[in-house]
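Structure file structure.pdb with PDB, C-alpha atoms, pLDDT in the B column:
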ATOM      1  CA  MET A   1     211.672 206.268  15.994  1.00 37.00           C
ATOM      2  CA  GLY A   2     215.005 206.145  14.208  1.00 44.00           C
ATOM      3  CA  ARG A   3     214.165 202.944  12.341  1.00 48.00           C
ATOM      4  CA  THR A   4     210.726 204.254  11.365  1.00 48.00           C
ATOM      5  CA  SER A   5     212.107 207.521  10.021  1.00 62.00           C
ATOM      6  CA  ASP A   6     214.522 205.787   7.616  1.00 90.00           C
ATOM      7  CA  ALA A   7     212.153 203.001   6.547  1.00 93.00           C
ATOM      8  CA  LYS A   8     211.638 204.483   3.080  1.00 94.00           C
ATOM      9  CA  GLU A   9     215.386 204.790   2.532  1.00 93.00           C
ATOM     10  CA  ARG A  10     215.919 201.187   3.578  1.00 95.00           C
ATOM     11  CA  LEU A  11     213.196 200.001   1.194  1.00 96.00           C
ATOM     12  CA  LEU A  12     214.868 201.878  -1.677  1.00 95.00           C
ATOM     13  CA  GLU A  13     218.219 200.288  -0.914  1.00 94.00           C
ATOM     14  CA  ALA A  14     216.740 196.824  -0.378  1.00 95.00           C
ATOM     15  CA  VAL A  15     214.881 196.657  -3.688  1.00 95.00           C
ATOM     16  CA  ILE A  16     217.970 197.599  -5.720  1.00 93.00           C
ATOM     17  CA  GLU A  17     220.185 195.101  -3.905  1.00 93.00           C
ATOM     18  CA  LEU A  18     217.680 192.263  -4.347  1.00 94.00           C
ATOM     19  CA  ILE A  19     217.099 193.016  -8.023  1.00 93.00           C
ATOM     20  CA  TRP A  20     220.831 193.370  -8.688  1.00 93.00           C
ATOM     21  CA  THR A  21     221.765 190.131  -6.937  1.00 94.00           C
ATOM     22  CA  GLY A  22     218.737 188.227  -8.229  1.00 91.00           C
ATOM     23  CA  SER A  23     216.075 189.504 -10.593  1.00 92.00           C
ATOM     24  CA  TYR A  24     213.034 191.738 -10.603  1.00 93.00           C
ATOM     25  CA  GLY A  25     210.640 188.877 -11.251  1.00 92.00           C
ATOM     26  CA  SER A  26     211.959 186.721  -8.429  1.00 92.00           C
ATOM     27  CA  THR A  27     211.955 189.554  -5.893  1.00 94.00           C
ATOM     28  CA  SER A  28     208.750 189.735  -3.852  1.00 95.00           C
ATOM     29  CA  VAL A  29     207.375 192.500  -1.652  1.00 96.00           C
ATOM     30  CA  ASP A  30     207.812 190.172   1.324  1.00 95.00           C
ATOM     31  CA  GLN A  31     211.511 189.714   0.515  1.00 96.00           C
ATOM     32  CA  ILE A  32     212.002 193.456   0.143  1.00 96.00           C
ATOM     33  CA  CYS A  33     210.351 194.127   3.493  1.00 96.00           C
ATOM     34  CA  GLU A  34     212.401 191.404   5.179  1.00 96.00           C
ATOM     35  CA  ARG A  35     215.679 192.741   3.761  1.00 95.00           C
ATOM     36  CA  ALA A  36     214.773 196.309   4.739  1.00 95.00           C
ATOM     37  CA  GLY A  37     213.495 195.338   8.184  1.00 94.00           C
ATOM     38  CA  VAL A  38     210.180 197.030   7.400  1.00 94.00           C
ATOM     39  CA  LYS A  39     206.640 195.736   7.957  1.00 93.00           C
ATOM     40  CA  LYS A  40     204.476 195.178   4.906  1.00 93.00           C
ATOM     41  CA  GLY A  41     202.033 197.838   6.048  1.00 91.00           C
ATOM     42  CA  SER A  42     204.837 200.366   6.033  1.00 90.00           C
ATOM     43  CA  PHE A  43     205.766 199.333   2.499  1.00 95.00           C
ATOM     44  CA  TYR A  44     202.278 200.192   1.236  1.00 94.00           C
ATOM     45  CA  HIS A  45     202.321 203.403   3.221  1.00 93.00           C
ATOM     46  CA  PHE A  46     205.166 204.620   1.014  1.00 95.00           C
ATOM     47  CA  PHE A  47     204.573 202.760  -2.265  1.00 96.00           C
ATOM     48  CA  GLU A  48     201.532 201.451  -4.096  1.00 94.00           C
ATOM     49  CA  SER A  49     203.386 198.596  -5.787  1.00 94.00           C
ATOM     50  CA  LYS A  50     206.709 196.886  -6.342  1.00 94.00           C
ATOM     51  CA  THR A  51     207.030 198.741  -9.648  1.00 94.00           C
ATOM     52  CA  GLU A  52     206.629 202.099  -7.954  1.00 96.00           C
ATOM     53  CA  LEU A  53     209.285 201.171  -5.398  1.00 95.00           C
ATOM     54  CA  ALA A  54     211.638 199.895  -8.105  1.00 95.00           C
ATOM     55  CA  VAL A  55     211.289 203.127 -10.096  1.00 95.00           C
ATOM     56  CA  ALA A  56     211.951 205.186  -6.964  1.00 96.00           C
ATOM     57  CA  GLY A  57     214.893 202.982  -6.024  1.00 94.00           C
ATOM     58  CA  ILE A  58     216.467 203.244  -9.451  1.00 95.00           C
ATOM     59  CA  GLU A  59     216.039 207.020  -9.534  1.00 95.00           C
ATOM     60  CA  HIS A  60     217.463 207.304  -6.016  1.00 93.00           C
ATOM     61  CA  GLY A  61     220.482 205.193  -6.955  1.00 92.00           C
ATOM     62  CA  TRP A  62     221.046 207.203 -10.121  1.00 95.00           C
ATOM     63  CA  ILE A  63     221.036 210.514  -8.242  1.00 95.00           C
ATOM     64  CA  GLU A  64     223.741 209.145  -5.963  1.00 92.00           C
ATOM     65  CA  HIS A  65     225.752 207.675  -8.854  1.00 94.00           C
ATOM     66  CA  ARG A  66     225.649 210.947 -10.779  1.00 96.00           C
ATOM     67  CA  LYS A  67     227.556 212.643  -7.974  1.00 96.00           C
ATOM     68  CA  GLN A  68     230.469 210.316  -8.708  1.00 96.00           C
ATOM     69  CA  LEU A  69     230.094 210.676 -12.476  1.00 97.00           C
ATOM     70  CA  ASP A  70     230.149 214.455 -12.200  1.00 98.00           C
ATOM     71  CA  GLN A  71     233.559 214.156 -10.552  1.00 98.00           C
ATOM     72  CA  THR A  72     234.838 211.472 -12.917  1.00 98.00           C
ATOM     73  CA  PHE A  73     233.806 213.453 -16.001  1.00 98.00           C
ATOM     74  CA  SER A  74     234.792 216.860 -14.660  1.00 98.00           C
ATOM     75  CA  PRO A  75     235.864 219.222 -17.488  1.00 96.00           C
ATOM     76  CA  VAL A  76     239.138 219.887 -15.663  1.00 97.00           C
ATOM     77  CA  ILE A  77     240.175 216.261 -16.290  1.00 98.00           C
ATOM     78  CA  PRO A  78     241.654 215.444 -19.739  1.00 97.00           C
ATOM     79  CA  PRO A  79     238.834 214.089 -21.962  1.00 98.00           C
ATOM     80  CA  LEU A  80     240.022 210.527 -22.486  1.00 97.00           C
ATOM     81  CA  GLU A  81     241.197 210.202 -18.882  1.00 98.00           C
ATOM     82  CA  ARG A  82     237.554 210.738 -17.852  1.00 98.00           C
ATOM     83  CA  ILE A  83     236.578 207.617 -19.792  1.00 98.00           C
ATOM     84  CA  TRP A  84     239.494 205.545 -18.508  1.00 97.00           C
ATOM     85  CA  ARG A  85     238.643 206.568 -14.937  1.00 97.00           C
ATOM     86  CA  CYS A  86     235.041 205.551 -15.479  1.00 97.00           C
ATOM     87  CA  PHE A  87     236.180 202.126 -16.682  1.00 97.00           C
ATOM     88  CA  ARG A  88     238.444 201.720 -13.645  1.00 96.00           C
ATOM     89  CA  GLU A  89     235.534 202.617 -11.383  1.00 96.00           C
ATOM     90  CA  PHE A  90     233.402 200.002 -13.136  1.00 95.00           C
ATOM     91  CA  ARG A  91     236.036 197.406 -12.315  1.00 96.00           C
ATOM     92  CA  GLU A  92     236.426 198.526  -8.709  1.00 97.00           C
ATOM     93  CA  GLU A  93     232.669 198.413  -8.135  1.00 96.00           C
ATOM     94  CA  GLN A  94     232.430 194.926  -9.610  1.00 96.00           C
ATOM     95  CA  GLU A  95     235.285 193.734  -7.412  1.00 97.00           C
ATOM     96  CA  GLU A  96     233.550 195.125  -4.334  1.00 96.00           C
ATOM     97  CA  MET A  97     230.246 193.482  -5.222  1.00 95.00           C
ATOM     98  CA  GLN A  98     231.942 190.181  -6.003  1.00 96.00           C
ATOM     99  CA  ALA A  99     233.653 190.220  -2.601  1.00 96.00           C
ATOM    100  CA  LYS A 100     230.322 190.938  -0.910  1.00 94.00           C
ATOM    101  CA  HIS A 101     228.011 188.637  -2.868  1.00 94.00           C
ATOM    102  CA  HIS A 102     230.460 186.060  -4.297  1.00 95.00           C
ATOM    103  CA  ARG A 103     229.156 186.743  -7.794  1.00 95.00           C
ATOM    104  CA  VAL A 104     229.966 189.144 -10.597  1.00 96.00           C
ATOM    105  CA  LEU A 105     226.819 191.257 -10.819  1.00 95.00           C
ATOM    106  CA  GLY A 106     227.393 193.401 -13.902  1.00 95.00           C
ATOM    107  CA  CYS A 107     225.332 196.541 -14.503  1.00 93.00           C
ATOM    108  CA  PRO A 108     222.046 196.639 -12.547  1.00 91.00           C
ATOM    109  CA  ILE A 109     220.370 198.931 -15.092  1.00 92.00           C
ATOM    110  CA  HIS A 110     221.097 196.678 -18.080  1.00 90.00           C
ATOM    111  CA  SER A 111     220.303 193.491 -16.195  1.00 90.00           C
ATOM    112  CA  LEU A 112     216.942 194.894 -15.138  1.00 92.00           C
ATOM    113  CA  GLY A 113     216.249 196.421 -18.527  1.00 92.00           C
ATOM    114  CA  ALA A 114     216.849 193.154 -20.353  1.00 90.00           C
ATOM    115  CA  GLU A 115     214.373 191.473 -18.004  1.00 92.00           C
ATOM    116  CA  ILE A 116     211.477 193.952 -17.972  1.00 92.00           C
ATOM    117  CA  SER A 117     211.705 196.001 -21.183  1.00 90.00           C
ATOM    118  CA  THR A 118     208.859 194.129 -22.882  1.00 91.00           C
ATOM    119  CA  VAL A 119     206.601 193.743 -19.852  1.00 90.00           C
ATOM    120  CA  ASP A 120     206.793 196.953 -17.771  1.00 92.00           C
ATOM    121  CA  ASP A 121     206.623 200.244 -19.655  1.00 93.00           C
ATOM    122  CA  LYS A 122     207.053 202.467 -16.600  1.00 93.00           C
ATOM    123  CA  LEU A 123     210.253 200.769 -15.491  1.00 94.00           C
ATOM    124  CA  ARG A 124     211.550 200.605 -19.064  1.00 94.00           C
ATOM    125  CA  ASP A 125     211.012 204.329 -19.597  1.00 95.00           C
ATOM    126  CA  THR A 126     212.872 205.127 -16.378  1.00 95.00           C
ATOM    127  CA  LEU A 127     215.801 202.951 -17.395  1.00 95.00           C
ATOM    128  CA  GLN A 128     215.931 204.452 -20.886  1.00 95.00           C
ATOM    129  CA  GLU A 129     216.139 207.965 -19.467  1.00 96.00           C
ATOM    130  CA  ILE A 130     218.960 207.005 -17.098  1.00 96.00           C
ATOM    131  CA  LEU A 131     220.927 205.298 -19.855  1.00 96.00           C
ATOM    132  CA  SER A 132     220.498 208.331 -22.100  1.00 97.00           C
ATOM    133  CA  GLN A 133     221.877 210.571 -19.360  1.00 97.00           C
ATOM    134  CA  PHE A 134     224.823 208.222 -18.812  1.00 97.00           C
ATOM    135  CA  ILE A 135     225.708 208.182 -22.500  1.00 98.00           C
ATOM    136  CA  ARG A 136     225.889 211.978 -22.484  1.00 98.00           C
ATOM    137  CA  TYR A 137     228.860 211.781 -20.115  1.00 98.00           C
ATOM    138  CA  TYR A 138     230.746 209.783 -22.745  1.00 98.00           C
ATOM    139  CA  GLU A 139     229.542 212.160 -25.427  1.00 98.00           C
ATOM    140  CA  SER A 140     230.925 215.210 -23.634  1.00 98.00           C
ATOM    141  CA  ALA A 141     234.337 213.575 -23.195  1.00 98.00           C
ATOM    142  CA  ILE A 142     234.456 212.427 -26.825  1.00 98.00           C
ATOM    143  CA  ARG A 143     233.414 215.846 -28.106  1.00 98.00           C
ATOM    144  CA  ASP A 144     236.103 217.552 -26.023  1.00 98.00           C
ATOM    145  CA  ALA A 145     238.720 215.078 -27.244  1.00 97.00           C
ATOM    146  CA  HIS A 146     237.665 215.782 -30.836  1.00 97.00           C
ATOM    147  CA  TYR A 147     237.877 219.562 -30.442  1.00 97.00           C
ATOM    148  CA  GLN A 148     241.291 219.228 -28.822  1.00 96.00           C
ATOM    149  CA  GLY A 149     242.512 217.182 -31.800  1.00 95.00           C
ATOM    150  CA  ILE A 150     243.134 214.053 -29.715  1.00 95.00           C
ATOM    151  CA  ILE A 151     240.739 211.886 -31.735  1.00 96.00           C
ATOM    152  CA  GLU A 152     238.699 212.201 -34.913  1.00 95.00           C
ATOM    153  CA  ALA A 153     235.059 212.043 -33.831  1.00 96.00           C
ATOM    154  CA  PRO A 154     232.802 214.425 -35.761  1.00 95.00           C
ATOM    155  CA  ASP A 155     229.717 212.452 -34.668  1.00 97.00           C
ATOM    156  CA  ALA A 156     230.258 212.351 -30.903  1.00 98.00           C
ATOM    157  CA  PRO A 157     226.730 211.112 -30.027  1.00 98.00           C
ATOM    158  CA  ALA A 158     227.041 208.058 -32.288  1.00 98.00           C
ATOM    159  CA  LEU A 159     230.513 207.170 -31.035  1.00 98.00           C
ATOM    160  CA  ALA A 160     229.358 207.624 -27.432  1.00 98.00           C
ATOM    161  CA  ARG A 161     226.534 205.121 -27.986  1.00 98.00           C
ATOM    162  CA  ILE A 162     228.960 202.619 -29.510  1.00 98.00           C
ATOM    163  CA  LEU A 163     231.439 203.010 -26.656  1.00 98.00           C
ATOM    164  CA  PHE A 164     228.713 202.709 -24.053  1.00 97.00           C
ATOM    165  CA  ALA A 165     227.303 199.569 -25.661  1.00 96.00           C
ATOM    166  CA  TYR A 166     230.815 198.077 -25.727  1.00 97.00           C
ATOM    167  CA  GLY A 167     231.435 198.705 -22.027  1.00 96.00           C
ATOM    168  CA  GLU A 168     228.022 197.456 -20.981  1.00 95.00           C
ATOM    169  CA  GLY A 169     228.446 194.373 -23.149  1.00 96.00           C
ATOM    170  CA  LEU A 170     231.634 193.481 -21.302  1.00 97.00           C
ATOM    171  CA  LEU A 171     229.881 193.961 -17.963  1.00 96.00           C
ATOM    172  CA  LEU A 172     227.104 191.656 -19.123  1.00 95.00           C
ATOM    173  CA  HIS A 173     229.596 188.995 -20.231  1.00 95.00           C
ATOM    174  CA  ALA A 174     231.383 189.260 -16.896  1.00 96.00           C
ATOM    175  CA  ARG A 175     228.055 188.605 -15.156  1.00 95.00           C
ATOM    176  CA  ILE A 176     227.113 185.704 -17.422  1.00 95.00           C
ATOM    177  CA  TRP A 177     230.484 183.982 -17.025  1.00 97.00           C
ATOM    178  CA  ASN A 178     230.914 185.154 -13.422  1.00 97.00           C
ATOM    179  CA  ASP A 179     234.419 186.192 -14.402  1.00 97.00           C
ATOM    180  CA  LEU A 180     235.935 189.648 -14.000  1.00 97.00           C
ATOM    181  CA  SER A 181     238.661 188.869 -16.531  1.00 97.00           C
ATOM    182  CA  HIS A 182     236.168 189.938 -19.216  1.00 96.00           C
ATOM    183  CA  LEU A 183     236.893 193.493 -18.056  1.00 96.00           C
ATOM    184  CA  ASN A 184     240.675 193.198 -18.347  1.00 95.00           C
ATOM    185  CA  GLU A 185     240.865 194.708 -21.827  1.00 92.00           C
ATOM    186  CA  MET A 186     238.043 197.214 -21.478  1.00 95.00           C
ATOM    187  CA  GLU A 187     240.330 200.230 -21.942  1.00 95.00           C
ATOM    188  CA  ALA A 188     242.341 198.604 -24.728  1.00 95.00           C
ATOM    189  CA  GLY A 189     239.180 197.864 -26.691  1.00 95.00           C
ATOM    190  CA  ALA A 190     237.868 201.375 -26.111  1.00 96.00           C
ATOM    191  CA  ARG A 191     241.108 202.804 -27.469  1.00 96.00           C
ATOM    192  CA  ARG A 192     240.580 200.832 -30.675  1.00 95.00           C
ATOM    193  CA  ILE A 193     236.998 202.081 -30.942  1.00 96.00           C
ATOM    194  CA  LEU A 194     238.123 205.669 -30.435  1.00 96.00           C
ATOM    195  CA  GLY A 195     241.169 205.338 -32.659  1.00 94.00           C
ATOM    196  CA  VAL A 196     243.579 206.215 -29.850  1.00 90.00           C
ATOM    197  CA  LYS A 197     247.184 205.092 -29.828  1.00 69.00           C
ATOM    198  CA  ALA A 198     248.421 203.136 -26.834  1.00 58.00           C
ATOM    199  CA  ASN A 199     250.580 205.974 -25.491  1.00 58.00           C
ATOM    200  CA  GLU A 200     247.872 208.646 -25.662  1.00 56.00           C
TER     201      GLU A 200
END

Here is a file; write its structure as structure tokens.
Amino acid sequence: MGRTSDAKERLLEAVIELIWTGSYGSTSVDQICERAGVKKGSFYHFFESKTELAVAGIEHGWIEHRKQLDQTFSPVIPPLERIWRCFREFREEQEEMQAKHHRVLGCPIHSLGAEISTVDDKLRDTLQEILSQFIRYYESAIRDAHYQGIIEAPDAPALARILFAYGEGLLLHARIWNDLSHLNEMEAGARRILGVKANE
């Protein structure tokens, strides 16, 4: 009974891993079931389609990731240190995934979004909402840094979007080149974007 009771959880984890290491288009329901150790009938008991499972998997993963982000971007941590910590966690996650899968995987949300944004509205809308929530973590840190006089950022939302796009672009390049060295200067580049001196 133990395996039956956690079948849905295993399907959620399997779909994200397969999409992240491969692609949404190349991932079949049969592959998901095989990876999860779940029969196809059980898949359709929980989900009507691969899209429905992918949406649920993404939302499930985001809920878990937000627990870490809430700690990383805690208001008790100095504003810019929140961002630097987030960047370090990006790097650590990529190193872990590279060791496990022998590839640099980049950001699963951006990789999936680039693939399906013009062909699957439901998935695209889910990804857009998650990205918007993520950007607000940067925005809160930038706004706090501005009010504390650390940086000059009267338009925190705009600067947060720029910083987020920069970080995600580096993750994408690391995936394309399969080379983590593209992340080596992530913090240095962010400091330039934010107008922060090296010793701050």

Practice problem: Would you work out the distance separating CA of Lys40 (chain A) from CA of Glu52 (chain A), expressed in Å to one decimal? | Solution: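 Pair CA of Lys40 (chain A) / CA of Glu52 (chain A) returns 14.8 Å.
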
### Task
Show which residues sit within 7 Å of Arg175 (chain A), as a count of residues only. Count only C-alpha atoms, and ignore same-chain residues fewer than 6 positions away.
3

Neighbouring residues of region 125-136 of chain A were defined as those with any atom within 9 Å, considering only C-alpha atoms; residues of the same chain fewer than 4 positions away were excluded. Please report them as number ranges by chain. A: 55, 58-59, 62, 66, 69, 109-110, 112-113, 117, 120-121, 140-141, 157, 160-161, 163-164

- In Å to one decimal, how far is CA of Gly189 (chain A) from CA of Ala165 (chain A)?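 If I compute the distance from CA of Ala165 (chain A) to CA of Gly189 (chain A), I get 12.0 Å.
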
Taken to one decimal, the CA of Ile63 (chain A)-CA of Tyr138 (chain A) distance is 17.5 Å

Need to verify the contact set: Ser42 (chain A), 9 Å, only C-alpha atoms, exclusion of same-chain residues closer than 5 positions in sequence. Can you return it as an MDAnalysis selection string? chainID A and resid 4 7:8 33 47

Quick one: contact table of region 136-199 of chain A to region 72-94 of chain A, 9 Å max, nearest atom pair and distance in Å to one decimal per residue, counting only C-alpha atoms, chain and number order, as JSON lines?
{"residue": "A:Tyr137", "atom": "CA", "partner": "A:Phe73", "partner_atom": "CA", "distance": 6.6}
{"residue": "A:Tyr138", "atom": "CA", "partner": "A:Ile83", "partner_atom": "CA", "distance": 6.9}
{"residue": "A:Ser140", "atom": "CA", "partner": "A:Pro79", "partner_atom": "CA", "distance": 8.2}
{"residue": "A:Ala141", "atom": "CA", "partner": "A:Pro79", "partner_atom": "CA", "distance": 4.7}
{"residue": "A:Ile142", "atom": "CA", "partner": "A:Pro79", "partner_atom": "CA", "distance": 6.8}
{"residue": "A:Arg143", "atom": "CA", "partner": "A:Pro79", "partner_atom": "CA", "distance": 8.4}
{"residue": "A:Asp144", "atom": "CA", "partner": "A:Pro79", "partner_atom": "CA", "distance": 6.0}
{"residue": "A:Ala145", "atom": "CA", "partner": "A:Pro79", "partner_atom": "CA", "distance": 5.4}
{"residue": "A:Gln148", "atom": "CA", "partner": "A:Pro79", "partner_atom": "CA", "distance": 8.9}
{"residue": "A:Ile150", "atom": "CA", "partner": "A:Leu80", "partner_atom": "CA", "distance": 8.6}
{"residue": "A:Gly167", "atom": "CA", "partner": "A:Phe87", "partner_atom": "CA", "distance": 7.9}
{"residue": "A:Leu171", "atom": "CA", "partner": "A:Phe90", "partner_atom": "CA", "distance": 8.5}
{"residue": "A:Leu180", "atom": "CA", "partner": "A:Gln94", "partner_atom": "CA", "distance": 7.7}
{"residue": "A:Leu183", "atom": "CA", "partner": "A:Arg91", "partner_atom": "CA", "distance": 7.0}
{"residue": "A:Asn184", "atom": "CA", "partner": "A:Arg91", "partner_atom": "CA", "distance": 8.7}
{"residue": "A:Met186", "atom": "CA", "partner": "A:Phe87", "partner_atom": "CA", "distance": 7.1}
{"residue": "A:Glu187", "atom": "CA", "partner": "A:Trp84", "partner_atom": "CA", "distance": 6.4}
{"residue": "A:Ala190", "atom": "CA", "partner": "A:Trp84", "partner_atom": "CA", "distance": 8.8}

- request: Excluding Val196 (chain A) and residues on its chain fewer than 4 positions from it, collect all residues at most 8 Å away from it, counting all atoms listed in the file, and give them as a list in words.
  value: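 Contacts, in chain order: Ile150, Ile151, Arg191, Arg192 and Glu200 of chain A.
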
For the structure provided, state which residues fall under the PyMOL selection byres ((chain A and resi 16-32) around 10), and present them as a PyMOL selection string.
chain A and resi 10-15+33-40+43-44+49-51+53-58+60-61+97+101-113+115-116

Those residues with C-alpha atoms, as a short mmCIF file (atom, residue, chain, number, x, y, z; two decimals), in the coordinates of the input please?
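The resulting again-v4.cif:
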data_model
loop_
_atom_site.label_atom_id
_atom_site.label_comp_id
_atom_site.auth_asym_id
_atom_site.auth_seq_id
_atom_site.Cartn_x
_atom_site.Cartn_y
_atom_site.Cartn_z
CA ARG A 10 215.92 201.19 3.58
CA LEU A 11 213.20 200.00 1.19
CA LEU A 12 214.87 201.88 -1.68
CA GLU A 13 218.22 200.29 -0.91
CA ALA A 14 216.74 196.82 -0.38
CA VAL A 15 214.88 196.66 -3.69
CA CYS A 33 210.35 194.13 3.49
CA GLU A 34 212.40 191.40 5.18
CA ARG A 35 215.68 192.74 3.76
CA ALA A 36 214.77 196.31 4.74
CA GLY A 37 213.50 195.34 8.18
CA VAL A 38 210.18 197.03 7.40
CA LYS A 39 206.64 195.74 7.96
CA LYS A 40 204.48 195.18 4.91
CA PHE A 43 205.77 199.33 2.50
CA TYR A 44 202.28 200.19 1.24
CA SER A 49 203.39 198.60 -5.79
CA LYS A 50 206.71 196.89 -6.34
CA THR A 51 207.03 198.74 -9.65
CA LEU A 53 209.28 201.17 -5.40
CA ALA A 54 211.64 199.90 -8.10
CA VAL A 55 211.29 203.13 -10.10
CA ALA A 56 211.95 205.19 -6.96
CA GLY A 57 214.89 202.98 -6.02
CA ILE A 58 216.47 203.24 -9.45
CA HIS A 60 217.46 207.30 -6.02
CA GLY A 61 220.48 205.19 -6.96
CA MET A 97 230.25 193.48 -5.22
CA HIS A 101 228.01 188.64 -2.87
CA HIS A 102 230.46 186.06 -4.30
CA ARG A 103 229.16 186.74 -7.79
CA VAL A 104 229.97 189.14 -10.60
CA LEU A 105 226.82 191.26 -10.82
CA GLY A 106 227.39 193.40 -13.90
CA CYS A 107 225.33 196.54 -14.50
CA PRO A 108 222.05 196.64 -12.55
CA ILE A 109 220.37 198.93 -15.09
CA HIS A 110 221.10 196.68 -18.08
CA SER A 111 220.30 193.49 -16.20
CA LEU A 112 216.94 194.89 -15.14
CA GLY A 113 216.25 196.42 -18.53
CA GLU A 115 214.37 191.47 -18.00
CA ILE A 116 211.48 193.95 -17.97
#

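Ranking A:Phe46, A:Thr118, A:Leu170, A:Gly195 by their shortest atom-to-atom distance to Ala153 (chain A), with only C-alpha atoms included, puts A:Gly195 first.
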